[in-house]
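Undergrad: This is the content of entry-v2.tsv (TSV, C-alpha atoms and all ligand atoms):
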```
chain	number	residue	atom	x	y	z
A	10	MET	CA	-24.81	-17.32	-33.22
A	11	SER	CA	-23.63	-19.49	-30.40
A	12	ASN	CA	-25.87	-22.22	-29.21
A	13	ALA	CA	-28.15	-22.20	-26.21
A	14	LYS	CA	-25.97	-24.70	-24.29
A	15	GLN	CA	-23.06	-22.29	-24.27
A	16	ILE	CA	-25.23	-19.44	-23.09
A	17	LEU	CA	-26.59	-21.69	-20.36
A	18	ALA	CA	-23.08	-22.65	-19.25
A	19	MET	CA	-22.06	-18.99	-19.15
A	20	LEU	CA	-25.08	-18.09	-17.06
A	21	ARG	CA	-24.29	-20.91	-14.67
A	22	SER	CA	-20.65	-19.94	-14.26
A	23	ARG	CA	-21.70	-16.38	-13.62
A	24	ALA	CA	-24.18	-17.38	-10.95
A	25	GLU	CA	-21.45	-19.42	-9.26
A	26	GLY	CA	-18.99	-16.55	-9.49
A	27	ASP	CA	-16.62	-18.73	-11.54
A	28	GLU	CA	-14.93	-16.06	-13.64
A	29	ASP	CA	-12.43	-18.40	-15.29
A	30	ALA	CA	-15.18	-20.67	-16.59
A	31	PHE	CA	-17.19	-17.67	-17.77
A	32	PHE	CA	-14.36	-16.28	-19.86
A	33	SER	CA	-13.22	-19.64	-21.17
A	34	ILE	CA	-16.72	-20.37	-22.54
A	35	ALA	CA	-16.84	-16.87	-24.04
A	36	LEU	CA	-13.53	-17.62	-25.77
A	37	GLN	CA	-14.94	-20.89	-27.10
A	38	VAL	CA	-17.86	-18.96	-28.56
A	39	ALA	CA	-15.42	-16.52	-30.18
A	40	ALA	CA	-13.47	-19.45	-31.65
A	41	ALA	CA	-16.69	-20.96	-33.04
A	42	GLU	CA	-17.54	-17.64	-34.67
A	43	ALA	CA	-14.09	-17.48	-36.26
A	44	ARG	CA	-14.45	-21.05	-37.58
A	45	GLN	CA	-17.68	-20.03	-39.28
A	46	GLY	CA	-15.89	-17.21	-41.04
A	47	ARG	CA	-17.16	-14.36	-38.87
A	48	ARG	CA	-13.70	-13.08	-38.09
A	49	GLU	CA	-14.70	-9.57	-37.18
A	50	THR	CA	-17.25	-10.66	-34.59
A	51	ALA	CA	-14.70	-13.10	-33.14
A	52	GLN	CA	-12.11	-10.35	-32.88
A	53	GLU	CA	-14.56	-8.02	-31.21
A	54	MET	CA	-15.47	-10.68	-28.68
A	55	ARG	CA	-11.84	-11.41	-27.80
A	56	ALA	CA	-11.15	-7.71	-27.33
A	57	GLU	CA	-14.15	-7.40	-24.97
A	58	ILE	CA	-13.03	-10.46	-22.99
A	59	ASP	CA	-9.54	-8.98	-22.58
A	60	LYS	CA	-11.00	-5.70	-21.42
A	61	ALA	CA	-13.36	-7.35	-18.93
A	62	ARG	CA	-10.53	-9.51	-17.56
A	63	ALA	CA	-8.24	-6.53	-17.05
A	64	ARG	CA	-11.02	-4.61	-15.34
A	65	GLY	CA	-11.83	-7.61	-13.19
A	66	SER	CA	-8.33	-8.00	-11.82
A	67	ARG	CA	-7.94	-4.29	-11.22
A	68	GLY	CA	-11.31	-4.20	-9.51
A	69	ALA	CA	-10.36	-7.09	-7.25
A	70	SER	CA	-7.18	-5.46	-6.02
A	71	VAL	CA	-9.19	-2.46	-4.89
A	72	ALA	CA	-12.16	-4.34	-3.52
A	73	ILE	CA	-10.36	-6.96	-1.44
A	74	PRO	CA	-8.47	-4.67	0.95
A	75	PHE	CA	-11.67	-2.84	1.90
A	76	ALA	CA	-13.88	-5.91	2.05
A	77	HIS	CA	-15.39	-6.58	5.45
A	78	PRO	CA	-13.99	-9.54	7.35
A	79	ARG	CA	-15.86	-12.76	6.74
A	80	GLY	CA	-15.82	-16.34	7.89
A	81	SER	CA	-13.84	-17.15	11.00
A	82	LEU	CA	-12.70	-13.52	11.31
A	83	GLU	CA	-16.18	-12.19	11.56
A	84	GLY	CA	-16.84	-10.67	14.93
A	85	LEU	CA	-13.13	-10.51	15.74
A	86	LEU	CA	-12.24	-7.51	13.60
A	87	GLU	CA	-14.35	-4.45	13.13
A	88	MET	CA	-13.52	-2.68	9.90
A	89	ARG	CA	-13.79	1.08	9.56
A	90	GLU	CA	-13.23	3.29	6.58
A	91	PRO	CA	-10.80	5.97	7.76
A	92	ARG	CA	-12.49	9.40	7.94
A	93	PHE	CA	-9.52	11.40	9.18
A	94	LYS	CA	-6.17	12.66	8.03
A	95	LEU	CA	-3.33	13.65	10.32
A	96	LYS	CA	-4.15	17.35	9.96
A	97	ASP	CA	-7.54	16.70	11.62
A	98	VAL	CA	-5.91	15.51	14.84
A	99	VAL	CA	-4.74	18.15	17.27
A	100	LEU	CA	-1.33	16.92	18.39
A	101	ASN	CA	1.76	18.40	19.99
A	102	GLU	CA	4.91	18.88	17.92
A	103	ARG	CA	6.58	15.83	19.36
A	104	LEU	CA	3.77	13.47	18.44
A	105	LEU	CA	3.33	15.07	15.05
A	106	GLY	CA	7.02	14.49	14.39
A	107	ARG	CA	6.76	10.84	15.39
A	108	PHE	CA	3.74	10.30	13.17
A	109	THR	CA	5.43	11.97	10.23
A	110	ASP	CA	8.38	9.67	10.72
A	111	ILE	CA	6.19	6.54	10.86
A	112	LEU	CA	4.34	7.62	7.72
A	113	ARG	CA	7.57	8.27	5.89
A	114	GLN	CA	8.94	4.84	6.76
A	115	GLN	CA	5.70	3.21	5.66
A	116	ARG	CA	5.46	5.12	2.41
A	117	LYS	CA	9.07	4.36	1.53
A	118	ARG	CA	9.01	0.81	2.83
A	119	ASP	CA	10.21	-0.70	-0.45
A	120	TRP	CA	13.21	1.59	-0.44
A	121	LEU	CA	13.98	0.63	3.18
A	122	ARG	CA	13.60	-3.06	2.41
A	123	GLU	CA	15.96	-2.74	-0.54
A	124	HIS	CA	18.49	-1.59	2.02
A	125	GLY	CA	17.76	-4.47	4.34
A	126	LYS	CA	15.65	-2.42	6.74
A	127	VAL	CA	12.10	-3.00	7.94
A	128	PRO	CA	9.77	-0.02	8.44
A	129	ASN	CA	8.49	0.66	11.95
A	130	ARG	CA	5.08	-0.91	12.29
A	131	ARG	CA	4.50	-2.00	15.88
A	132	ILE	CA	3.35	0.98	17.84
A	133	LEU	CA	2.02	1.43	21.36
A	134	PHE	CA	-0.30	4.35	22.11
A	135	VAL	CA	-0.44	5.31	25.75
A	136	GLY	CA	-2.64	8.07	27.11
A	137	PRO	CA	-5.77	9.14	28.96
A	138	PRO	CA	-9.25	8.39	27.58
A	139	GLY	CA	-10.42	10.68	24.81
A	140	SER	CA	-6.99	12.04	23.92
A	141	GLY	CA	-7.14	10.96	20.28
A	142	LYS	CA	-5.55	7.52	20.22
A	143	THR	CA	-8.20	5.79	18.13
A	144	MET	CA	-8.57	8.91	16.01
A	145	SER	CA	-4.82	8.97	15.32
A	146	ALA	CA	-4.88	5.33	14.28
A	147	GLU	CA	-7.68	6.17	11.91
A	148	ALA	CA	-5.71	9.12	10.58
A	149	LEU	CA	-2.67	6.89	10.00
A	150	ALA	CA	-4.85	4.52	7.99
A	151	GLY	CA	-6.31	7.49	6.13
A	152	GLU	CA	-2.88	8.84	5.25
A	153	LEU	CA	-1.64	5.43	4.08
A	154	ASN	CA	-4.89	4.70	2.29
A	155	LEU	CA	-5.27	1.45	4.19
A	156	PRO	CA	-8.31	-0.12	5.81
A	157	LEU	CA	-8.58	0.16	9.57
A	158	PHE	CA	-9.37	-2.87	11.71
A	159	ILE	CA	-10.28	-2.54	15.36
A	160	ILE	CA	-9.92	-5.50	17.69
A	161	ARG	CA	-11.59	-5.16	21.08
A	162	LEU	CA	-9.46	-7.36	23.26
A	163	GLU	CA	-11.65	-7.17	26.30
A	164	GLY	CA	-14.51	-8.67	24.28
A	165	LEU	CA	-12.27	-11.19	22.58
A	166	ILE	CA	-10.95	-12.50	25.85
A	167	THR	CA	-14.22	-12.83	27.69
A	168	ARG	CA	-16.11	-14.23	24.72
A	169	TYR	CA	-13.55	-16.80	23.74
A	170	MET	CA	-12.13	-17.74	27.10
A	171	GLY	CA	-9.85	-20.70	26.44
A	172	GLU	CA	-9.45	-20.05	22.73
A	173	THR	CA	-8.23	-16.48	22.81
A	174	ALA	CA	-4.73	-17.44	21.68
A	175	ALA	CA	-6.17	-19.29	18.69
A	176	LYS	CA	-8.30	-16.28	17.79
A	177	LEU	CA	-5.27	-14.02	18.07
A	178	ARG	CA	-3.43	-16.36	15.70
A	179	LEU	CA	-6.19	-15.82	13.15
A	180	ILE	CA	-5.92	-12.07	13.50
A	181	PHE	CA	-2.14	-12.03	13.17
A	182	ASP	CA	-2.37	-14.29	10.12
A	183	GLU	CA	-4.71	-11.73	8.63
A	184	THR	CA	-2.24	-8.90	9.30
A	185	ALA	CA	0.28	-10.83	7.24
A	186	LYS	CA	-2.16	-11.43	4.41
A	187	ARG	CA	-3.95	-8.17	4.15
A	188	ARG	CA	-2.13	-4.89	4.58
A	189	GLY	CA	-3.94	-2.58	6.92
A	190	VAL	CA	-3.80	-0.73	10.21
A	191	TYR	CA	-4.78	-3.10	13.03
A	192	VAL	CA	-5.67	-1.58	16.37
A	193	PHE	CA	-5.75	-3.67	19.53
A	194	ASP	CA	-7.93	-1.49	21.70
A	195	GLU	CA	-8.16	-1.79	25.47
A	196	PHE	CA	-4.88	-3.52	25.26
A	197	ASP	CA	-4.35	-3.60	29.01
A	198	ALA	CA	-6.84	-6.47	29.06
A	199	VAL	CA	-4.08	-8.76	27.86
A	200	GLY	CA	-0.94	-6.76	28.54
A	201	GLY	CA	-1.66	-6.20	32.16
A	202	GLN	CA	-1.44	-8.16	35.33
A	203	ARG	CA	-5.13	-7.44	35.82
A	204	THR	CA	-5.69	-11.05	36.53
A	205	ALA	CA	-7.79	-10.91	39.66
A	206	THR	CA	-11.06	-11.45	37.81
A	207	ASN	CA	-9.61	-13.60	35.05
A	208	ASP	CA	-8.09	-16.98	34.81
A	209	VAL	CA	-4.41	-16.32	35.52
A	210	ALA	CA	-3.06	-19.24	33.52
A	211	GLU	CA	-5.17	-18.32	30.51
A	212	MET	CA	-4.02	-14.70	30.58
A	213	ARG	CA	-0.40	-15.83	30.74
A	214	ARG	CA	-0.97	-18.02	27.74
A	215	VAL	CA	-2.60	-15.21	25.80
A	216	LEU	CA	0.17	-12.80	26.68
A	217	ASN	CA	2.87	-15.26	25.67
A	218	SER	CA	1.17	-15.89	22.35
A	219	PHE	CA	0.85	-12.18	21.78
A	220	LEU	CA	4.55	-11.65	22.44
A	221	GLN	CA	5.41	-14.42	20.04
A	222	PHE	CA	3.10	-13.10	17.29
A	223	MET	CA	4.51	-9.61	17.68
A	224	GLU	CA	7.99	-10.94	16.97
A	225	GLU	CA	6.98	-12.45	13.66
A	226	GLY	CA	7.70	-10.29	10.70
A	227	ASN	CA	5.07	-9.67	8.11
A	228	SER	CA	5.86	-9.00	4.51
A	229	THR	CA	2.79	-6.82	4.01
A	230	ASP	CA	4.10	-4.31	6.59
A	231	SER	CA	0.69	-4.00	8.20
A	232	VAL	CA	0.76	-1.47	11.00
A	233	ILE	CA	-0.08	-2.90	14.43
A	234	ILE	CA	-1.18	-0.42	17.06
A	235	CYS	CA	-1.92	-1.29	20.67
A	236	SER	CA	-3.77	1.32	22.65
A	237	THR	CA	-4.01	1.64	26.41
A	238	ASN	CA	-4.94	4.03	29.22
A	239	HIS	CA	-2.84	2.22	31.79
A	240	PRO	CA	0.84	2.03	30.90
A	241	SER	CA	1.67	0.92	34.43
A	242	LEU	CA	-0.30	-2.26	33.87
A	243	LEU	CA	1.78	-3.29	30.91
A	244	ASP	CA	4.29	-6.04	31.14
A	245	ARG	CA	7.86	-4.88	30.63
A	246	ALA	CA	8.55	-7.78	28.28
A	247	LEU	CA	5.83	-6.40	26.10
A	248	LEU	CA	7.12	-2.83	25.97
A	249	ARG	CA	10.34	-4.03	24.37
A	250	ARG	CA	8.40	-5.46	21.43
A	251	TYR	CA	7.31	-2.07	20.09
A	252	ASP	CA	9.15	-0.04	17.50
A	253	GLN	CA	7.67	3.13	18.94
A	254	VAL	CA	5.82	4.06	22.12
A	255	LEU	CA	3.77	7.23	21.65
A	256	GLU	CA	2.46	9.11	24.65
A	257	PHE	CA	-0.74	11.09	24.36
A	258	ASP	CA	-1.48	13.77	26.88
A	259	THR	CA	-4.21	16.05	28.16
A	260	PRO	CA	-4.54	19.16	25.98
A	261	THR	CA	-2.44	22.30	26.45
A	262	SER	CA	-3.95	25.81	26.25
A	263	THR	CA	-2.99	26.14	22.60
A	264	GLN	CA	-4.54	22.78	21.84
A	265	ILE	CA	-7.76	23.67	23.69
A	266	LYS	CA	-8.06	26.78	21.51
A	267	GLN	CA	-7.34	24.76	18.39
A	268	LEU	CA	-9.85	22.02	19.31
A	269	ILE	CA	-12.62	24.56	19.88
A	270	SER	CA	-11.86	26.72	16.83
A	271	THR	CA	-11.82	23.81	14.43
A	272	ASN	CA	-14.94	22.22	15.88
A	273	ILE	CA	-17.25	25.23	15.75
A	274	VAL	CA	-16.76	25.79	12.02
A	275	PRO	CA	-18.66	27.35	10.22
A	276	MET	CA	-19.71	29.30	13.33
A	277	LYS	CA	-17.68	32.01	15.01
A	278	ILE	CA	-17.43	33.19	18.58
A	279	VAL	CA	-18.16	36.89	18.95
A	280	ARG	CA	-15.26	38.60	20.70
A	281	PRO	CA	-13.97	35.39	22.29
A	282	VAL	CA	-12.34	35.65	25.69
A	283	TRP	CA	-9.96	32.75	25.22
A	284	ARG	CA	-8.44	33.05	28.66
A	285	ASN	CA	-11.82	32.25	30.24
A	286	ILE	CA	-12.66	29.54	27.73
A	287	ILE	CA	-9.34	27.82	28.28
A	288	HIS	CA	-9.76	28.08	32.02
A	289	ALA	CA	-13.20	26.42	31.77
A	290	ALA	CA	-11.78	23.63	29.60
A	291	GLU	CA	-8.90	22.74	31.87
A	292	GLY	CA	-9.12	19.20	33.16
A	293	LEU	CA	-11.30	18.00	30.29
A	294	SER	CA	-10.12	15.59	27.63
A	295	GLN	CA	-9.83	16.44	23.95
A	296	SER	CA	-12.91	14.36	23.33
A	297	GLU	CA	-14.97	16.23	25.97
A	298	ILE	CA	-13.87	19.60	24.60
A	299	VAL	CA	-14.85	18.60	21.05
A	300	ARG	CA	-18.26	17.48	22.31
A	301	ALA	CA	-18.80	20.70	24.23
A	302	ALA	CA	-18.01	22.74	21.12
A	303	ASP	CA	-20.33	20.57	19.08
A	304	ASP	CA	-23.18	20.97	21.58
A	305	ALA	CA	-22.80	24.75	21.56
A	306	VAL	CA	-23.02	24.73	17.76
A	307	LYS	CA	-26.12	22.53	17.78
A	308	THR	CA	-27.92	24.86	20.16
A	309	ALA	CA	-27.00	27.86	18.01
A	310	ILE	CA	-28.35	26.09	14.91
A	311	LEU	CA	-31.63	25.29	16.67
A	312	ASP	CA	-31.88	28.87	17.93
A	313	GLU	CA	-31.19	29.98	14.36
A	314	ARG	CA	-28.15	31.94	15.42
A	315	LYS	CA	-25.02	32.25	13.29
A	316	GLN	CA	-22.68	33.04	16.14
A	317	LEU	CA	-21.61	31.81	19.52
A	318	THR	CA	-20.73	33.71	22.63
A	319	THR	CA	-17.92	32.99	25.04
A	320	GLU	CA	-20.60	32.06	27.60
A	321	ASN	CA	-22.20	29.52	25.24
A	322	ILE	CA	-18.95	27.63	25.07
A	323	ILE	CA	-18.13	27.98	28.75
A	324	ASP	CA	-21.58	26.66	29.74
A	325	ARG	CA	-21.07	23.57	27.63
A	326	LEU	CA	-17.58	23.02	29.02
A	327	GLN	CA	-18.89	23.28	32.56
A	328	GLU	CA	-21.62	20.83	31.69
A	329	ARG	CA	-18.91	18.33	30.68
A	330	HIS	CA	-17.15	18.85	34.01
A	331	ALA	CA	-20.43	18.16	35.79
A	332	MET	CA	-20.99	14.97	33.78
A	333	ARG	CA	-17.56	13.78	34.74
A	334	THR	CA	-18.19	14.41	38.43
A	335	ALA	CA	-21.52	12.61	38.27
A	336	PHE	CA	-19.80	9.65	36.63
A	337	LEU	CA	-17.01	9.53	39.20
A	338	ASP	CA	-19.61	9.63	41.99
A	339	THR	CA	-21.49	6.64	40.66
A	340	GLU	CA	-18.26	4.82	39.94
A	341	GLY	CA	-17.06	5.30	43.50
A	342	ALA	CA	-20.38	4.20	44.98
A	401	LIG	N1	-6.24	15.07	19.62
A	401	LIG	C1	-7.48	15.25	19.13
A	401	LIG	N2	-7.70	16.10	18.11
A	401	LIG	C2	-8.94	16.28	17.64
A	401	LIG	N3	-10.03	15.63	18.08
A	401	LIG	C3	-9.87	14.76	19.08
A	401	LIG	C4	-8.58	14.52	19.64
A	401	LIG	N4	-8.72	13.61	20.62
A	401	LIG	C5	-10.01	13.27	20.66
A	401	LIG	N5	-10.72	13.95	19.74
A	401	LIG	C6	-12.18	13.82	19.51
A	401	LIG	O1	-12.69	12.89	20.45
A	401	LIG	C7	-13.17	11.69	19.82
A	401	LIG	C8	-12.76	10.47	20.61
A	401	LIG	O2	-11.35	10.35	20.65
A	401	LIG	P1	-10.59	8.94	20.55
A	401	LIG	O3	-11.60	7.87	20.38
A	401	LIG	O4	-9.54	9.03	19.54
A	401	LIG	O5	-9.97	8.85	21.99
A	401	LIG	P2	-9.08	7.68	22.58
A	401	LIG	O6	-7.79	8.29	23.03
A	401	LIG	O7	-9.01	6.55	21.65
A	401	LIG	O8	-9.92	7.31	23.89
A	401	LIG	P3	-10.05	5.87	24.65
A	401	LIG	O9	-8.80	5.70	25.46
A	401	LIG	O10	-11.24	6.07	25.51
A	401	LIG	O11	-10.23	4.82	23.61
A	401	LIG	C9	-12.56	11.74	18.43
A	401	LIG	O12	-13.37	11.06	17.50
A	401	LIG	C10	-12.50	13.23	18.15
A	401	LIG	O13	-13.75	13.74	17.75
A	402	MG	MG	-9.82	4.63	21.71
```
Please, can you express the file's structure as structure tokens?
TA:
Amino acid sequence: MSNAKQILAMLRSRAEGDEDAFFSIALQVAAAEARQGRRETAQEMRAEIDKARARGSRGASVAIPFAHPRGSLEGLLEMREPRFKLKDVVLNERLLGRFTDILRQQRKRDWLREHGKVPNRRILFVGPPGSGKTMSAEALAGELNLPLFIIRLEGLITRYMGETAAKLRLIFDETAKRRGVYVFDEFDAVGGQRTATNDVAEMRRVLNSFLQFMEEGNSTDSVIICSTNHPSLLDRALLRRYDQVLEFDTPTSTQIKQLISTNIVPMKIVRPVWRNIIHAAEGLSQSEIVRAADDAVKTAILDERKQLTTENIIDRLQERHAMRTAFLDTEGA
């Protein structure tokens, strides 16, 4: 048997997370066994060490990409495990086509690079609130099996006034190190000329840094998505930096029907009058329609009903309209 000192050293290296030391002591023990003529035990030990090492390195390559940001990045990036695939997002044909194209370039990025081409990876999402921008980013990450990182620029800028550019540098460095889908949400905070309440010089500095960082290539082909509700606020110099600009829109009649049908599963609407439902949903965002459908389902569950009526849905849609009006009233006040 090996001596107590070796066991102690192994325990210590384990506690410190020093894998190399752990395995090198284990190998020393195996060698000692062999020297004492216990060849079989030595062999067995070496085989186990090899196995553990192989498992360790495989494990690491899976664990690292999904590890939550730590150290200086903490609080800058919010990591989310993607819950959606592209089929979950209700999109028009045009957007679906663009997404399919982006996915194809990303999936075949090695092939493109072999031909001296870089896959599209800088994308701007423009569209009204609740139209599925964040959800689509999540779906892209889900399709590519990559972690999703959300950066709230508004928060970043106000919290780190004066060091925003340095914080952005950290984030862009991370995009080059760790492949993922990075979403700069509320992007108009930096891309816009909304400088009345902010320090103008600082915003200029941040914007210039951003432009510069966007130009840098990154060998990991991380996808960078900027999302905004206000395209008119964006600087023209910035628009040129994107490989693709995708426009999201309010839902069409077909999409309203699709949003409601998929979000009431496993319930059904008895003899649905779609014309009336669609009429009641007009003017609402995708997000509001999904919530209305969800509320109708919850009520049915609580009432122990298995079905919905056209009126159930319409009531909930009207409720969403009312909420919106109430909000606009307080906003205007
Ligand atoms: N196109 C869509 N298809 C299916 N569900 C949608 C769609 N758009 C929105 N939803 C629903 O609404 C929720 C919120 O949407 P999301 O956060 O993607 O909107 P957004 O465009 O990012 O809004 P904001 O501009 O306010 O950030 C989603 O989680 C989803 O449940
Ligand atoms: Mg969003």
Undergrad: Which residue is closest to Asp244 of chain A? Choose from A:Ile160, A:Ala43, A:Leu104, A:Leu220 and count all atoms listed in the file.
TA: A:Leu220
Undergrad: Report as a list in words all protein, DNA and RNA residues lying within 9 Å of Glu328 of chain A, evaluated on all atoms listed in the file, omitting residues in the same chain fewer than 5 positions from it.
TA: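 Near Glu328 of chain A, the qualifying residues are Ala301, Ile323 and Arg333 of chain A.
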Undergrad: Between A:Asn129, A:Thr261, A:Ser296, A:Ser241, which residue has the minimum interatomic distance to Gln114 of chain A, considering all atoms listed in the file?
TA: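 Smallest separation from Gln114 of chain A among the options: A:Asn129.
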Undergrad: Show me which residues sit within 12 Å of ligand MG 402 (chain A) when counting only C-alpha atoms and all ligand atoms, and put them as a list in words.
TA: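 The distance check yields Phe134, Val135, Gly136, Pro137, Pro138, Gly139, Ser140, Gly141, Lys142, Thr143, Met144, Ser145, Ala146, Glu147, Ile159, Ile160, Arg161, Val192, Phe193, Asp194, Glu195, Phe196, Ile234, Cys235, Ser236, Thr237, Asn238, Phe257 and Ser296 of chain A.
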Undergrad: Would you kindly return, as a PyMOL selection string, each protein, DNA or RNA residue with an atom no farther than 12 Å from any atom of Glu42 of chain A, considering all atoms listed in the file and excluding same-chain residues fewer than 6 positions away?
TA: chain A and resi 10-12+35-36+48-55
Undergrad: Keeping only C-alpha atoms, write those residues as a JSON list (two decimals), in the frame of the given file.
TA:
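And here is the file that came out, out.json:
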```json
[["chain", "number", "residue", "atom", "x", "y", "z"],
["A", 10, "MET", "CA", -24.81, -17.32, -33.22],
["A", 11, "SER", "CA", -23.63, -19.49, -30.40],
["A", 12, "ASN", "CA", -25.87, -22.22, -29.21],
["A", 35, "ALA", "CA", -16.84, -16.87, -24.04],
["A", 36, "LEU", "CA", -13.53, -17.62, -25.77],
["A", 48, "ARG", "CA", -13.70, -13.08, -38.09],
["A", 49, "GLU", "CA", -14.70, -9.57, -37.18],
["A", 50, "THR", "CA", -17.25, -10.66, -34.59],
["A", 51, "ALA", "CA", -14.70, -13.10, -33.14],
["A", 52, "GLN", "CA", -12.11, -10.35, -32.88],
["A", 53, "GLU", "CA", -14.56, -8.02, -31.21],
["A", 54, "MET", "CA", -15.47, -10.68, -28.68],
["A", 55, "ARG", "CA", -11.84, -11.41, -27.80]]
```
Undergrad: Would you kindly return, as a list in words, each protein, DNA or RNA residue with an atom no farther than 8 Å from any atom of segment 264-266 of chain A, considering all atoms listed in the file and excluding same-chain residues fewer than 6 positions away?
TA: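 Listed by chain and then number, they are Val99, Leu100, Asn101, Trp283, Ile287, Ala290, Gln295 and Ile298 of chain A.
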Undergrad: Name all residues at most 10 Å from Ala246 of chain A (count all atoms listed in the file; drop same-chain ones fewer than 3 positions away) and give them as a list in words.
TA: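 The residues satisfying every condition are Gly200, Leu216, Asn217, Leu220, Leu243, Arg249 and Arg250 of chain A.
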Undergrad: Residues near segment 87-93 of chain A, anyone? I mean within 9 Å using all atoms listed in the file, not counting same-chain ones fewer than 4 positions away, as a PDB file with C-alpha atoms, in the frame of the given file.
TA:
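In the end it all went to around-v2.pdb:
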```pdb
ATOM      1  CA  PHE A  75     -11.670  -2.840   1.900  1.00  0.00           C
ATOM      2  CA  ALA A  76     -13.880  -5.910   2.050  1.00  0.00           C
ATOM      3  CA  HIS A  77     -15.390  -6.580   5.450  1.00  0.00           C
ATOM      4  CA  PRO A  78     -13.990  -9.540   7.350  1.00  0.00           C
ATOM      5  CA  GLU A  83     -16.180 -12.190  11.560  1.00  0.00           C
ATOM      6  CA  ASP A  97      -7.540  16.700  11.620  1.00  0.00           C
ATOM      7  CA  VAL A  98      -5.910  15.510  14.840  1.00  0.00           C
ATOM      8  CA  MET A 144      -8.570   8.910  16.010  1.00  0.00           C
ATOM      9  CA  SER A 145      -4.820   8.970  15.320  1.00  0.00           C
ATOM     10  CA  ALA A 146      -4.880   5.330  14.280  1.00  0.00           C
ATOM     11  CA  GLU A 147      -7.680   6.170  11.910  1.00  0.00           C
ATOM     12  CA  ALA A 148      -5.710   9.120  10.580  1.00  0.00           C
ATOM     13  CA  LEU A 149      -2.670   6.890  10.000  1.00  0.00           C
ATOM     14  CA  ALA A 150      -4.850   4.520   7.990  1.00  0.00           C
ATOM     15  CA  GLY A 151      -6.310   7.490   6.130  1.00  0.00           C
ATOM     16  CA  GLU A 152      -2.880   8.840   5.250  1.00  0.00           C
ATOM     17  CA  ASN A 154      -4.890   4.700   2.290  1.00  0.00           C
ATOM     18  CA  LEU A 155      -5.270   1.450   4.190  1.00  0.00           C
ATOM     19  CA  PRO A 156      -8.310  -0.120   5.810  1.00  0.00           C
ATOM     20  CA  LEU A 157      -8.580   0.160   9.570  1.00  0.00           C
ATOM     21  CA  PHE A 158      -9.370  -2.870  11.710  1.00  0.00           C
ATOM     22  CA  ILE A 159     -10.280  -2.540  15.360  1.00  0.00           C
ATOM     23  CA  ILE A 160      -9.920  -5.500  17.690  1.00  0.00           C
ATOM     24  CA  ARG A 161     -11.590  -5.160  21.080  1.00  0.00           C
TER      25      ARG A 161
END
```
Undergrad: For ligand LIG 401 (chain A), which of A:Ile233, A:Leu95, A:Ala175, A:Ile278 is the closest residue, counting all atoms listed in the file?
TA: A:Leu95
Undergrad: So, with all atoms listed in the file as the atoms that count, which of A:Gly226, A:Pro260, A:Gly189, A:Gly26 lies closest to ligand LIG 401 (chain A)?
TA: A:Pro260
Undergrad: Please, what distance in Å, to one decimal, runs between atom CA of Leu179 of chain A and atom CA of Leu133 of chain A?
TA: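 Rounded to one decimal, the two atoms are 20.8 Å apart.
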Undergrad: Which one is closest to ligand LIG 401 (chain A): A:Gly84, A:Gly125, A:Gly46, A:Pro240? Count only C-alpha atoms and all ligand atoms.
TA: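 Closest candidate: A:Pro240.
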Undergrad: Each side padded by 6 Å, which centre and which edge lengths in Å (one decimal) define the axis-aligned box around the listed atoms of segment 45-64 of chain A? Give them as lines of an AutoDock Vina configuration file.
TA:
```
center_x = -13.0
center_y = -12.3
center_z = -28.2
size_x = 21.4
size_y = 27.4
size_z = 37.7
```
Undergrad: Step by step: start from the point (-19.7, 31.4, 27.3) in the file's coordinates, keep every protein, DNA or RNA residue that has an atom no farther than 10 Å from it, count all atoms listed in the file, and write the set as an MDAnalysis selection string.
TA: chainID A and resid 278 281:282 285:286 289 305 317:327
Undergrad: Could you jot down the atom CA of Glu256 of chain A to atom CA of Ile132 of chain A separation for me, Å, one decimal place?
TA: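 Pair atom CA of Glu256 of chain A / atom CA of Ile132 of chain A returns 10.6 Å.
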Undergrad: Tell me which of A:Ala302, A:Ile111, A:Ala13, A:Ile180 sits closest to ligand LIG 401 (chain A), counting all atoms listed in the file.
TA: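 Of all the options, A:Ala302 lies closest to ligand LIG 401 (chain A).
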Undergrad: Report, in Å with one decimal, the straight-line distance from atom CA of Asp258 of chain A to atom CA of Ala335 of chain A.
TA: 23.1 Å
